[in-house]
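Data file: query30.cif. Format and content: mmCIF, C-alpha atoms.
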```
data_start
#
loop_
_atom_site.group_PDB
_atom_site.id
_atom_site.type_symbol
_atom_site.label_atom_id
_atom_site.label_comp_id
_atom_site.auth_asym_id
_atom_site.auth_seq_id
_atom_site.Cartn_x
_atom_site.Cartn_y
_atom_site.Cartn_z
ATOM 1 C CA MET A 1 14.436 -45.888 21.399
ATOM 2 C CA LYS A 2 14.909 -44.166 18.037
ATOM 3 C CA LYS A 3 11.138 -43.662 17.743
ATOM 4 C CA HIS A 4 11.010 -42.107 21.209
ATOM 5 C CA PHE A 5 13.949 -39.843 20.343
ATOM 6 C CA LEU A 6 12.252 -38.792 17.100
ATOM 7 C CA LEU A 7 8.984 -37.948 18.870
ATOM 8 C CA THR A 8 10.835 -36.020 21.553
ATOM 9 C CA SER A 9 12.761 -34.074 18.916
ATOM 10 C CA LEU A 10 9.596 -33.249 16.971
ATOM 11 C CA THR A 11 7.873 -32.099 20.150
ATOM 12 C CA LEU A 12 10.840 -29.898 21.014
ATOM 13 C CA LEU A 13 10.923 -28.400 17.525
ATOM 14 C CA PHE A 14 7.175 -27.692 17.625
ATOM 15 C CA THR A 15 7.517 -26.029 21.041
ATOM 16 C CA LEU A 16 10.420 -23.891 19.861
ATOM 17 C CA PHE A 17 8.524 -22.939 16.687
ATOM 18 C CA THR A 18 5.416 -21.993 18.690
ATOM 19 C CA GLN A 19 7.442 -19.929 21.165
ATOM 20 C CA SER A 20 9.270 -18.230 18.297
ATOM 21 C CA THR A 21 5.986 -17.392 16.549
ATOM 22 C CA MET A 22 4.497 -15.988 19.749
ATOM 23 C CA ALA A 23 7.654 -13.968 20.401
ATOM 24 C CA GLN A 24 7.454 -12.466 16.914
ATOM 25 C CA GLU A 25 3.877 -11.237 17.368
ATOM 26 C CA LYS A 26 3.862 -7.560 18.164
ATOM 27 C CA LYS A 27 1.414 -6.567 20.871
ATOM 28 C CA VAL A 28 -0.699 -3.559 19.917
ATOM 29 C CA THR A 29 -3.146 -1.686 22.133
ATOM 30 C CA LEU A 30 -6.162 -0.300 20.273
ATOM 31 C CA MET A 31 -8.918 1.701 21.948
ATOM 32 C CA LEU A 32 -12.245 2.107 20.184
ATOM 33 C CA ASP A 33 -14.285 5.302 20.173
ATOM 34 C CA TRP A 34 -17.155 3.571 21.997
ATOM 35 C CA PHE A 35 -18.455 0.097 22.825
ATOM 36 C CA VAL A 36 -18.156 -2.502 20.044
ATOM 37 C CA ASN A 37 -20.810 -1.984 17.360
ATOM 38 C CA PRO A 38 -21.185 -2.520 13.577
ATOM 39 C CA ASN A 39 -19.020 0.545 12.888
ATOM 40 C CA HIS A 40 -16.107 -1.584 14.083
ATOM 41 C CA GLY A 41 -16.856 -4.480 11.723
ATOM 42 C CA PRO A 42 -13.463 -4.682 9.959
ATOM 43 C CA ILE A 43 -11.582 -4.657 13.277
ATOM 44 C CA VAL A 44 -13.662 -7.447 14.744
ATOM 45 C CA ILE A 45 -13.521 -9.534 11.567
ATOM 46 C CA ALA A 46 -9.736 -9.091 11.326
ATOM 47 C CA GLN A 47 -9.521 -10.295 14.918
ATOM 48 C CA GLN A 48 -11.976 -13.185 14.533
ATOM 49 C CA ARG A 49 -10.531 -14.483 11.267
ATOM 50 C CA GLY A 50 -6.911 -14.196 12.368
ATOM 51 C CA TYR A 51 -5.906 -11.539 9.839
ATOM 52 C CA PHE A 52 -4.039 -9.525 12.492
ATOM 53 C CA LYS A 53 -2.224 -12.659 13.626
ATOM 54 C CA GLN A 54 -1.239 -13.420 10.029
ATOM 55 C CA GLN A 55 0.429 -10.005 9.961
ATOM 56 C CA GLY A 56 2.351 -10.780 13.144
ATOM 57 C CA LEU A 57 0.145 -8.641 15.384
ATOM 58 C CA SER A 58 -1.600 -9.356 18.657
ATOM 59 C CA ILE A 59 -4.323 -6.721 19.051
ATOM 60 C CA ASP A 60 -5.683 -5.790 22.471
ATOM 61 C CA ILE A 61 -9.070 -4.208 21.652
ATOM 62 C CA GLN A 62 -10.272 -1.900 24.437
ATOM 63 C CA GLU A 63 -13.495 0.046 24.961
ATOM 64 C CA PRO A 64 -13.273 3.531 26.523
ATOM 65 C CA ALA A 65 -15.062 4.696 29.647
ATOM 66 C CA ASP A 66 -15.128 8.169 28.058
ATOM 67 C CA PRO A 67 -15.201 8.479 24.230
ATOM 68 C CA SER A 68 -13.130 11.679 24.374
ATOM 69 C CA LEU A 69 -10.168 9.906 26.005
ATOM 70 C CA PRO A 70 -8.735 7.520 23.338
ATOM 71 C CA PRO A 71 -6.832 10.104 21.219
ATOM 72 C CA LYS A 72 -5.548 11.801 24.357
ATOM 73 C CA LEU A 73 -4.208 8.477 25.648
ATOM 74 C CA VAL A 74 -2.438 7.932 22.320
ATOM 75 C CA ALA A 75 -0.955 11.436 22.472
ATOM 76 C CA ALA A 76 0.286 10.669 25.999
ATOM 77 C CA GLY A 77 1.949 7.473 24.782
ATOM 78 C CA ASN A 78 -0.344 5.151 26.729
ATOM 79 C CA LEU A 79 -1.874 3.480 23.643
ATOM 80 C CA ASP A 80 -0.557 2.474 20.235
ATOM 81 C CA LEU A 81 -3.714 3.262 18.263
ATOM 82 C CA ALA A 82 -7.153 4.748 18.875
ATOM 83 C CA ILE A 83 -10.288 5.461 16.883
ATOM 84 C CA THR A 84 -11.473 9.040 16.686
ATOM 85 C CA TYR A 85 -13.265 11.333 14.218
ATOM 86 C CA GLN A 86 -11.699 13.428 11.468
ATOM 87 C CA PRO A 87 -13.086 16.739 12.856
ATOM 88 C CA ASN A 88 -11.780 15.830 16.324
ATOM 89 C CA LEU A 89 -8.337 15.007 14.955
ATOM 90 C CA ILE A 90 -8.170 18.402 13.287
ATOM 91 C CA ILE A 91 -9.115 20.080 16.570
ATOM 92 C CA ASP A 92 -6.536 18.043 18.498
ATOM 93 C CA VAL A 93 -3.756 18.751 16.002
ATOM 94 C CA ALA A 94 -4.646 22.455 15.944
ATOM 95 C CA GLU A 95 -4.270 22.450 19.718
ATOM 96 C CA GLY A 96 -0.843 20.862 19.503
ATOM 97 C CA LEU A 97 -1.512 17.232 20.397
ATOM 98 C CA PRO A 98 1.106 14.913 18.805
ATOM 99 C CA LEU A 99 -1.225 12.808 16.672
ATOM 100 C CA VAL A 100 -1.178 11.461 13.128
ATOM 101 C CA ARG A 101 -3.882 9.738 11.118
ATOM 102 C CA SER A 102 -2.895 6.166 10.350
ATOM 103 C CA ALA A 103 -5.994 4.770 8.561
ATOM 104 C CA THR A 104 -9.678 5.294 7.828
ATOM 105 C CA LEU A 105 -12.430 3.028 9.151
ATOM 106 C CA ILE A 106 -15.662 4.774 8.063
ATOM 107 C CA ALA A 107 -15.093 6.852 4.935
ATOM 108 C CA THR A 108 -18.294 8.943 4.904
ATOM 109 C CA PRO A 109 -20.069 11.168 7.420
ATOM 110 C CA LEU A 110 -22.645 9.412 9.602
ATOM 111 C CA ASN A 111 -24.081 12.386 11.483
ATOM 112 C CA THR A 112 -27.362 13.816 10.251
ATOM 113 C CA LEU A 113 -29.985 16.404 11.084
ATOM 114 C CA MET A 114 -32.929 14.073 11.634
ATOM 115 C CA VAL A 115 -36.706 14.645 11.881
ATOM 116 C CA LEU A 116 -39.747 12.390 12.060
ATOM 117 C CA ASP A 117 -41.269 11.624 8.682
ATOM 118 C CA ASN A 118 -44.787 12.649 9.743
ATOM 119 C CA GLY A 119 -45.496 15.511 7.355
ATOM 120 C CA LYS A 120 -44.585 18.283 9.794
ATOM 121 C CA ILE A 121 -41.033 18.942 8.593
ATOM 122 C CA ASN A 122 -40.813 18.503 4.835
ATOM 123 C CA ASN A 123 -37.842 20.760 4.176
ATOM 124 C CA LEU A 124 -35.024 22.287 6.188
ATOM 125 C CA SER A 125 -36.812 25.634 5.885
ATOM 126 C CA ASP A 126 -39.666 24.179 7.972
ATOM 127 C CA LEU A 127 -37.318 24.192 10.990
ATOM 128 C CA LYS A 128 -37.783 27.926 11.484
ATOM 129 C CA ASP A 129 -38.726 28.559 15.146
ATOM 130 C CA LYS A 130 -38.467 24.807 15.879
ATOM 131 C CA LYS A 131 -36.486 22.960 18.589
ATOM 132 C CA VAL A 132 -33.352 21.008 17.702
ATOM 133 C CA GLY A 133 -31.937 18.524 20.187
ATOM 134 C CA ILE A 134 -28.195 17.921 20.481
ATOM 135 C CA ALA A 135 -26.140 15.480 22.572
ATOM 136 C CA ILE A 136 -22.886 17.390 23.061
ATOM 137 C CA SER A 137 -22.221 21.094 22.666
ATOM 138 C CA GLY A 138 -19.369 22.024 20.364
ATOM 139 C CA SER A 139 -19.530 22.271 16.586
ATOM 140 C CA GLU A 140 -23.311 22.269 16.192
ATOM 141 C CA GLU A 141 -23.542 26.050 15.692
ATOM 142 C CA ALA A 142 -21.206 25.950 12.701
ATOM 143 C CA ILE A 143 -22.691 22.829 11.100
ATOM 144 C CA ILE A 144 -26.382 23.455 11.759
ATOM 145 C CA GLY A 145 -25.867 27.109 10.872
ATOM 146 C CA LYS A 146 -24.249 26.185 7.568
ATOM 147 C CA MET A 147 -27.022 23.719 6.723
ATOM 148 C CA LEU A 148 -29.744 26.253 7.506
ATOM 149 C CA GLU A 149 -27.926 28.858 5.451
ATOM 150 C CA THR A 150 -28.697 26.782 2.329
ATOM 151 C CA VAL A 151 -32.425 27.486 2.884
ATOM 152 C CA ASN A 152 -31.988 31.152 3.862
ATOM 153 C CA LEU A 153 -32.242 30.557 7.615
ATOM 154 C CA THR A 154 -29.709 31.173 10.379
ATOM 155 C CA TYR A 155 -28.685 29.324 13.519
ATOM 156 C CA ASN A 156 -30.712 31.848 15.529
ATOM 157 C CA ASP A 157 -33.875 30.751 13.712
ATOM 158 C CA VAL A 158 -33.961 27.514 15.749
ATOM 159 C CA GLU A 159 -33.907 26.752 19.462
ATOM 160 C CA ILE A 160 -31.093 24.414 20.539
ATOM 161 C CA ILE A 161 -31.805 22.039 23.438
ATOM 162 C CA ASN A 162 -29.179 19.745 24.956
ATOM 163 C CA VAL A 163 -30.960 16.410 25.453
ATOM 164 C CA GLY A 164 -27.874 14.408 26.381
ATOM 165 C CA TRP A 165 -27.766 10.943 24.872
ATOM 166 C CA ALA A 166 -31.575 10.709 24.620
ATOM 167 C CA LEU A 167 -31.632 11.820 20.991
ATOM 168 C CA SER A 168 -34.085 9.259 19.621
ATOM 169 C CA ALA A 169 -36.346 9.401 22.664
ATOM 170 C CA SER A 170 -36.503 13.199 22.568
ATOM 171 C CA LEU A 171 -37.481 13.178 18.896
ATOM 172 C CA ALA A 172 -40.027 10.369 19.267
ATOM 173 C CA SER A 173 -41.684 12.021 22.293
ATOM 174 C CA GLY A 174 -42.000 15.407 20.598
ATOM 175 C CA LYS A 175 -39.699 17.128 23.073
ATOM 176 C CA VAL A 176 -37.783 18.408 20.055
ATOM 177 C CA ASP A 177 -38.648 18.736 16.376
ATOM 178 C CA ALA A 178 -35.263 17.588 15.093
ATOM 179 C CA ILE A 179 -32.015 16.123 16.388
ATOM 180 C CA TRP A 180 -28.431 16.763 15.367
ATOM 181 C CA GLY A 181 -26.012 13.884 15.884
ATOM 182 C CA GLY A 182 -28.333 11.020 15.052
ATOM 183 C CA LEU A 183 -26.343 8.529 12.993
ATOM 184 C CA ARG A 184 -27.813 7.478 9.672
ATOM 185 C CA ASN A 185 -27.020 3.821 10.380
ATOM 186 C CA PHE A 186 -28.235 3.709 14.003
ATOM 187 C CA GLU A 187 -30.772 6.277 15.183
ATOM 188 C CA SER A 188 -32.925 5.859 12.073
ATOM 189 C CA ASN A 189 -33.095 2.097 12.713
ATOM 190 C CA GLN A 190 -33.680 2.575 16.424
ATOM 191 C CA LEU A 191 -36.622 4.863 15.710
ATOM 192 C CA ALA A 192 -38.010 2.434 13.117
ATOM 193 C CA LEU A 193 -37.913 -0.420 15.638
ATOM 194 C CA GLU A 194 -39.927 1.763 17.993
ATOM 195 C CA GLY A 195 -42.520 2.472 15.295
ATOM 196 C CA PHE A 196 -41.320 5.887 14.101
ATOM 197 C CA GLU A 197 -40.270 6.643 10.535
ATOM 198 C CA SER A 198 -37.589 9.278 10.244
ATOM 199 C CA LYS A 199 -36.063 11.476 7.578
ATOM 200 C CA ALA A 200 -32.468 12.684 7.518
ATOM 201 C CA TYR A 201 -30.803 15.780 6.093
ATOM 202 C CA PHE A 202 -27.153 15.135 5.326
ATOM 203 C CA PRO A 203 -24.611 17.855 6.158
ATOM 204 C CA GLU A 204 -22.442 17.044 3.116
ATOM 205 C CA GLU A 205 -25.473 17.780 0.911
ATOM 206 C CA HIS A 206 -26.143 21.092 2.632
ATOM 207 C CA GLY A 207 -22.979 23.142 2.551
ATOM 208 C CA VAL A 208 -20.710 21.194 4.921
ATOM 209 C CA PRO A 209 -17.568 19.586 3.448
ATOM 210 C CA ALA A 210 -17.522 15.777 3.417
ATOM 211 C CA TYR A 211 -15.249 14.062 5.913
ATOM 212 C CA ASP A 212 -14.195 10.649 7.216
ATOM 213 C CA GLU A 213 -16.404 9.708 10.165
ATOM 214 C CA LEU A 214 -14.058 7.268 11.914
ATOM 215 C CA ILE A 215 -10.278 7.158 11.627
ATOM 216 C CA PHE A 216 -7.317 5.640 13.458
ATOM 217 C CA VAL A 217 -4.666 7.811 15.083
ATOM 218 C CA ALA A 218 -1.155 7.103 16.351
ATOM 219 C CA ASN A 219 1.402 9.117 18.314
ATOM 220 C CA ALA A 220 3.256 11.527 16.032
ATOM 221 C CA ASN A 221 6.516 11.158 17.929
ATOM 222 C CA ASN A 222 6.865 7.401 18.291
ATOM 223 C CA TYR A 223 4.550 5.586 15.874
ATOM 224 C CA ASP A 224 5.645 2.220 14.508
ATOM 225 C CA ALA A 225 5.357 2.492 10.721
ATOM 226 C CA ALA A 226 5.868 -1.241 10.139
ATOM 227 C CA MET A 227 3.153 -2.112 12.662
ATOM 228 C CA ILE A 228 0.720 0.371 11.113
ATOM 229 C CA LYS A 229 1.389 -0.978 7.622
ATOM 230 C CA ALA A 230 0.678 -4.526 8.859
ATOM 231 C CA PHE A 231 -2.425 -3.370 10.748
ATOM 232 C CA ASN A 232 -3.799 -1.610 7.676
ATOM 233 C CA LYS A 233 -3.184 -4.660 5.508
ATOM 234 C CA ALA A 234 -5.196 -6.859 7.900
ATOM 235 C CA LEU A 235 -7.922 -4.217 8.068
ATOM 236 C CA GLU A 236 -8.178 -4.052 4.282
ATOM 237 C CA GLN A 237 -8.334 -7.854 4.067
ATOM 238 C CA ALA A 238 -11.189 -7.871 6.595
ATOM 239 C CA THR A 239 -13.070 -5.145 4.724
ATOM 240 C CA ILE A 240 -12.793 -7.052 1.448
ATOM 241 C CA TYR A 241 -14.103 -10.179 3.181
ATOM 242 C CA ILE A 242 -17.067 -8.238 4.616
ATOM 243 C CA THR A 243 -17.848 -6.762 1.198
ATOM 244 C CA ASN A 244 -17.738 -10.168 -0.487
ATOM 245 C CA HIS A 245 -19.497 -12.130 2.284
ATOM 246 C CA PRO A 246 -21.745 -9.724 4.248
ATOM 247 C CA GLN A 247 -24.009 -12.408 5.762
ATOM 248 C CA ALA A 248 -21.196 -14.749 6.787
ATOM 249 C CA ALA A 249 -19.255 -11.767 8.134
ATOM 250 C CA TRP A 250 -22.288 -10.716 10.195
ATOM 251 C CA LYS A 251 -22.373 -14.116 11.896
ATOM 252 C CA GLU A 252 -18.657 -13.952 12.627
ATOM 253 C CA PHE A 253 -19.031 -10.380 13.883
ATOM 254 C CA VAL A 254 -21.750 -11.206 16.441
ATOM 255 C CA SER A 255 -19.796 -14.261 17.607
ATOM 256 C CA TYR A 256 -17.303 -11.789 19.103
ATOM 257 C CA ALA A 257 -19.836 -10.850 21.807
ATOM 258 C CA PRO A 258 -23.203 -12.525 21.057
ATOM 259 C CA ASP A 259 -24.953 -11.294 24.212
ATOM 260 C CA THR A 260 -24.552 -7.649 23.225
ATOM 261 C CA LEU A 261 -24.160 -7.715 19.446
ATOM 262 C CA ASP A 262 -26.731 -10.238 18.234
ATOM 263 C CA ASN A 263 -29.877 -8.112 18.094
ATOM 264 C CA GLU A 264 -32.154 -6.572 15.482
ATOM 265 C CA LEU A 265 -30.795 -3.019 15.838
ATOM 266 C CA ASN A 266 -27.222 -4.121 15.182
ATOM 267 C CA LYS A 267 -28.374 -6.366 12.331
ATOM 268 C CA ARG A 268 -30.022 -3.421 10.605
ATOM 269 C CA ALA A 269 -27.102 -1.121 11.373
ATOM 270 C CA TRP A 270 -24.678 -3.696 9.965
ATOM 271 C CA LYS A 271 -26.509 -3.674 6.629
ATOM 272 C CA ASP A 272 -26.550 0.135 6.513
ATOM 273 C CA THR A 273 -22.843 0.406 7.394
ATOM 274 C CA LEU A 274 -21.438 -2.016 4.806
ATOM 275 C CA SER A 275 -21.117 0.578 2.049
ATOM 276 C CA ARG A 276 -19.397 3.050 4.365
ATOM 277 C CA PHE A 277 -16.328 1.039 5.356
ATOM 278 C CA ALA A 278 -13.114 2.359 3.800
ATOM 279 C CA LEU A 279 -12.142 -0.146 1.095
ATOM 280 C CA ARG A 280 -8.590 1.216 1.161
ATOM 281 C CA PRO A 281 -7.997 2.091 4.826
ATOM 282 C CA SER A 282 -4.501 3.481 4.279
ATOM 283 C CA ALA A 283 -5.483 5.753 1.354
ATOM 284 C CA VAL A 284 -6.050 9.435 2.118
ATOM 285 C CA ASP A 285 -7.172 12.564 0.281
ATOM 286 C CA LEU A 286 -5.188 15.477 1.730
ATOM 287 C CA THR A 287 -7.430 18.051 0.052
ATOM 288 C CA ARG A 288 -10.495 16.550 1.752
ATOM 289 C CA TYR A 289 -8.852 17.067 5.152
ATOM 290 C CA ASP A 290 -7.637 20.557 4.313
ATOM 291 C CA ASP A 291 -11.087 21.574 3.071
ATOM 292 C CA TYR A 292 -12.711 20.496 6.331
ATOM 293 C CA ALA A 293 -9.981 22.182 8.375
ATOM 294 C CA GLN A 294 -10.622 25.404 6.451
ATOM 295 C CA PHE A 295 -14.352 25.086 7.196
ATOM 296 C CA MET A 296 -13.588 24.678 10.900
ATOM 297 C CA PHE A 297 -11.153 27.604 10.877
ATOM 298 C CA ASP A 298 -13.587 29.878 9.040
ATOM 299 C CA ASN A 299 -16.256 29.040 11.611
ATOM 300 C CA LYS A 300 -13.899 29.631 14.566
ATOM 301 C CA LEU A 301 -13.917 25.993 15.694
ATOM 302 C CA ILE A 302 -10.102 26.054 15.628
ATOM 303 C CA LYS A 303 -7.680 28.935 16.154
ATOM 304 C CA LYS A 304 -4.851 27.542 14.028
ATOM 305 C CA LEU A 305 -5.147 26.047 10.558
ATOM 306 C CA PRO A 306 -3.180 22.778 10.370
ATOM 307 C CA GLN A 307 -1.995 21.368 7.053
ATOM 308 C CA ALA A 308 -2.985 17.772 6.356
ATOM 309 C CA LYS A 309 0.488 16.885 5.032
ATOM 310 C CA ASP A 310 1.896 17.591 8.505
ATOM 311 C CA TYR A 311 -0.206 14.947 10.249
ATOM 312 C CA MET A 312 -0.496 12.420 7.389
ATOM 313 C CA PRO A 313 2.766 10.453 7.197
ATOM 314 C CA SER A 314 3.196 7.716 4.610
ATOM 315 C CA PHE A 315 3.312 4.205 6.033
ATOM 316 C CA LYS A 316 5.040 2.513 3.091
#
```
Before we go any further, please render this structure as structure tokens.
Amino acid sequence: MKKHFLLTSLTLLFTLFTQSTMAQEKKVTLMLDWFVNPNHGPIVIAQQRGYFKQQGLSIDIQEPADPSLPPKLVAAGNLDLAITYQPNLIIDVAEGLPLVRSATLIATPLNTLMVLDNGKINNLSDLKDKKVGIAISGSEEAIIGKMLETVNLTYNDVEIINVGWALSASLASGKVDAIWGGLRNFESNQLALEGFESKAYFPEEHGVPAYDELIFVANANNYDAAMIKAFNKALEQATIYITNHPQAAWKEFVSYAPDTLDNELNKRAWKDTLSRFALRPSAVDLTRYDDYAQFMFDNKLIKKLPQAKDYMPSFK
């Protein structure tokens, strides 16, 4: 009888402890910038290894139907966090959207001006009178123009063609001579797998200020500082694990969705992305953001010049 009572009591205590633990976990909605890929490594690893759970968080990772929507949904109060791009955040803040940066995921630019390495384009100056393919119209005039300016050319010296999302295919087929928007960790590997060697010109080496490629944003009016601090701690723990154990982390990453992630392109992209993850996700350089905002303002990409300190709260 005593043994039965003891077992019953232990079972009850375990149930109460489990319910209490579950009740303490804060549910957080996070929308990515696109479908899951190696750029999201620290998020997936933090989820797979239970780092978020250790911080008392239950993360609902969502993929967007439209990559332009996540920050807007955060601004509307429909999501807790979203991934976006530093230039896009500056545009959104300049337009009055209530957003703040909460962390950095990819700490370097990924976009490039890419050409085939076939001896035809050996320098940016060789792009004179050539065709450049882009995926989305927007900031390409300012960025491409600035890059060409470093070799005494202007934006009008090239012909811009919108090729949609067929960047690699358009370059490989010869439809265009260069592409803007090809990522240095993806398109170059995609072309290589198809038998084409490529060469990239990096904007930050040709007159364009450096920036953070992928960042997290929260709502400026109702963000949860404690949640963000816990999220960033789990993210940093995951990034350290990836840095220390890249091969083991790769296997854990693809286990998240093996049917879509476990392929040669992602394997190559994973290797090329490792050095670009932010080792200190919560750290921020205000001057870096202000410099890029000034570049955007000077090139008429934004009408108002926001100050980084106004959309960079401290999550201590």
Can I get the residues of segment 136-182 of chain A within 8 Å of segment 106-117 of chain A, each with the closest pair of atoms and their distance in Å to one decimal, using only C-alpha atoms, sorted chain first then ascending number, as a tab-separated table?
```
residue	atom	partner	partner_atom	distance
A:Ile144	CA	A:Leu113	CA	7.9
A:Leu171	CA	A:Val115	CA	7.2
A:Ala172	CA	A:Leu116	CA	7.5
A:Asp177	CA	A:Val115	CA	6.4
A:Ala178	CA	A:Val115	CA	4.6
A:Ile179	CA	A:Met114	CA	5.3
A:Trp180	CA	A:Leu113	CA	4.6
A:Gly181	CA	A:Asn111	CA	5.0
A:Gly182	CA	A:Thr112	CA	5.6
```
Segment 56-71 of chain A: axis-aligned bounding box, 3 Å on each side, centre and edge lengths in Å, one decimal, as AutoDock Vina command-line options:
```
--center_x -6.4 --center_y 0.4 --center_z 21.4 --size_x 23.6 --size_y 28.5 --size_z 22.5
```
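If you look at atom CA of Trp165 of chain A and atom CA of Ala135 of chain A, they are 5.3 Å away from each other.
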Within-10 Å shell of (-17.2, -12.3, 5.7) in input frame, only C-alpha atoms, as a PDB file with C-alpha atoms, in the coordinates of the input:
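Final file, part14.pdb:
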```
ATOM      1  CA  GLY A  41     -16.856  -4.480  11.723  1.00  0.00           C
ATOM      2  CA  PRO A  42     -13.463  -4.682   9.959  1.00  0.00           C
ATOM      3  CA  ILE A  45     -13.521  -9.534  11.567  1.00  0.00           C
ATOM      4  CA  ALA A  46      -9.736  -9.091  11.326  1.00  0.00           C
ATOM      5  CA  ARG A  49     -10.531 -14.483  11.267  1.00  0.00           C
ATOM      6  CA  ALA A 238     -11.189  -7.871   6.595  1.00  0.00           C
ATOM      7  CA  THR A 239     -13.070  -5.145   4.724  1.00  0.00           C
ATOM      8  CA  ILE A 240     -12.793  -7.052   1.448  1.00  0.00           C
ATOM      9  CA  TYR A 241     -14.103 -10.179   3.181  1.00  0.00           C
ATOM     10  CA  ILE A 242     -17.067  -8.238   4.616  1.00  0.00           C
ATOM     11  CA  THR A 243     -17.848  -6.762   1.198  1.00  0.00           C
ATOM     12  CA  ASN A 244     -17.738 -10.168  -0.487  1.00  0.00           C
ATOM     13  CA  HIS A 245     -19.497 -12.130   2.284  1.00  0.00           C
ATOM     14  CA  PRO A 246     -21.745  -9.724   4.248  1.00  0.00           C
ATOM     15  CA  GLN A 247     -24.009 -12.408   5.762  1.00  0.00           C
ATOM     16  CA  ALA A 248     -21.196 -14.749   6.787  1.00  0.00           C
ATOM     17  CA  ALA A 249     -19.255 -11.767   8.134  1.00  0.00           C
ATOM     18  CA  TRP A 250     -22.288 -10.716  10.195  1.00  0.00           C
ATOM     19  CA  LYS A 251     -22.373 -14.116  11.896  1.00  0.00           C
ATOM     20  CA  GLU A 252     -18.657 -13.952  12.627  1.00  0.00           C
ATOM     21  CA  PHE A 253     -19.031 -10.380  13.883  1.00  0.00           C
TER      22      PHE A 253
END
```
field: Chain and number of each residue from the PyMOL selection byres ((chain A and resi 197-213) around 9), as a ChimeraX atom specification
entry: /A:84-87,104-118,122-124,143-144,146-151,182,184,187-189,191-192,194-196,214-215,288-289,291-292,295
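The spacing separating atom CA of Leu97 of chain A from atom CA of Asp60 of chain A amounts to 23.5 Å.
You will find atom CA of Lys26 of chain A at 6.2 Å from atom CA of Gly56 of chain A.
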| task | Step by step: start from the point (-25.8, -3.5, 19.8) in the file's coordinates, keep every protein, DNA or RNA residue that has an atom no farther than 10 Å from it, count only C-alpha atoms, and write the set as a VMD selection string. | result | chain A and resid 35 to 38 186 254 257 to 267 269 to 270
Could segment 311-315 of chain A be completed with all heavy atoms and returned as a PDB file, keeping the file's coordinate frame?
```pdb
ATOM      1  N   TYR A 311       0.228  15.998   9.335  1.00  0.00           N
ATOM      2  CA  TYR A 311      -0.206  14.947  10.249  1.00  0.00           C
ATOM      3  C   TYR A 311      -0.713  13.707   9.471  1.00  0.00           C
ATOM      4  O   TYR A 311      -1.525  12.941   9.948  1.00  0.00           O
ATOM      5  CB  TYR A 311      -1.286  15.449  11.227  1.00  0.00           C
ATOM      6  CG  TYR A 311      -2.531  16.046  10.600  1.00  0.00           C
ATOM      7  CD1 TYR A 311      -3.661  15.254  10.387  1.00  0.00           C
ATOM      8  CD2 TYR A 311      -2.602  17.387  10.251  1.00  0.00           C
ATOM      9  CE1 TYR A 311      -4.807  15.785   9.827  1.00  0.00           C
ATOM     10  CE2 TYR A 311      -3.736  17.940   9.688  1.00  0.00           C
ATOM     11  CZ  TYR A 311      -4.834  17.128   9.480  1.00  0.00           C
ATOM     12  OH  TYR A 311      -5.981  17.660   8.934  1.00  0.00           O
ATOM     13  N   MET A 312      -0.154  13.552   8.257  1.00  0.00           N
ATOM     14  CA  MET A 312      -0.496  12.420   7.389  1.00  0.00           C
ATOM     15  C   MET A 312       0.777  11.759   6.853  1.00  0.00           C
ATOM     16  O   MET A 312       1.091  11.846   5.671  1.00  0.00           O
ATOM     17  CB  MET A 312      -1.342  12.887   6.201  1.00  0.00           C
ATOM     18  CG  MET A 312      -2.628  13.532   6.569  1.00  0.00           C
ATOM     19  SD  MET A 312      -3.885  12.313   6.957  1.00  0.00           S
ATOM     20  CE  MET A 312      -5.291  13.407   7.192  1.00  0.00           C
ATOM     21  N   PRO A 313       1.548  11.101   7.702  1.00  0.00           N
ATOM     22  CA  PRO A 313       2.766  10.453   7.197  1.00  0.00           C
ATOM     23  C   PRO A 313       2.418   9.262   6.301  1.00  0.00           C
ATOM     24  O   PRO A 313       1.322   8.714   6.349  1.00  0.00           O
ATOM     25  CB  PRO A 313       3.458   9.972   8.491  1.00  0.00           C
ATOM     26  CG  PRO A 313       2.350   9.797   9.466  1.00  0.00           C
ATOM     27  CD  PRO A 313       1.349  10.875   9.140  1.00  0.00           C
ATOM     28  N   SER A 314       3.377   8.887   5.476  1.00  0.00           N
ATOM     29  CA  SER A 314       3.196   7.716   4.610  1.00  0.00           C
ATOM     30  C   SER A 314       3.724   6.479   5.320  1.00  0.00           C
ATOM     31  O   SER A 314       4.828   6.492   5.857  1.00  0.00           O
ATOM     32  CB  SER A 314       3.954   7.932   3.295  1.00  0.00           C
ATOM     33  OG  SER A 314       3.904   6.778   2.499  1.00  0.00           O
ATOM     34  N   PHE A 315       2.918   5.430   5.348  1.00  0.00           N
ATOM     35  CA  PHE A 315       3.312   4.205   6.033  1.00  0.00           C
ATOM     36  C   PHE A 315       3.699   3.124   5.018  1.00  0.00           C
ATOM     37  O   PHE A 315       3.147   2.041   5.022  1.00  0.00           O
ATOM     38  CB  PHE A 315       2.189   3.722   6.951  1.00  0.00           C
ATOM     39  CG  PHE A 315       1.821   4.726   7.994  1.00  0.00           C
ATOM     40  CD1 PHE A 315       0.652   5.463   7.895  1.00  0.00           C
ATOM     41  CD2 PHE A 315       2.637   4.948   9.088  1.00  0.00           C
ATOM     42  CE1 PHE A 315       0.303   6.406   8.853  1.00  0.00           C
ATOM     43  CE2 PHE A 315       2.306   5.884  10.055  1.00  0.00           C
ATOM     44  CZ  PHE A 315       1.140   6.618   9.933  1.00  0.00           C
TER      45      PHE A 315
END
```
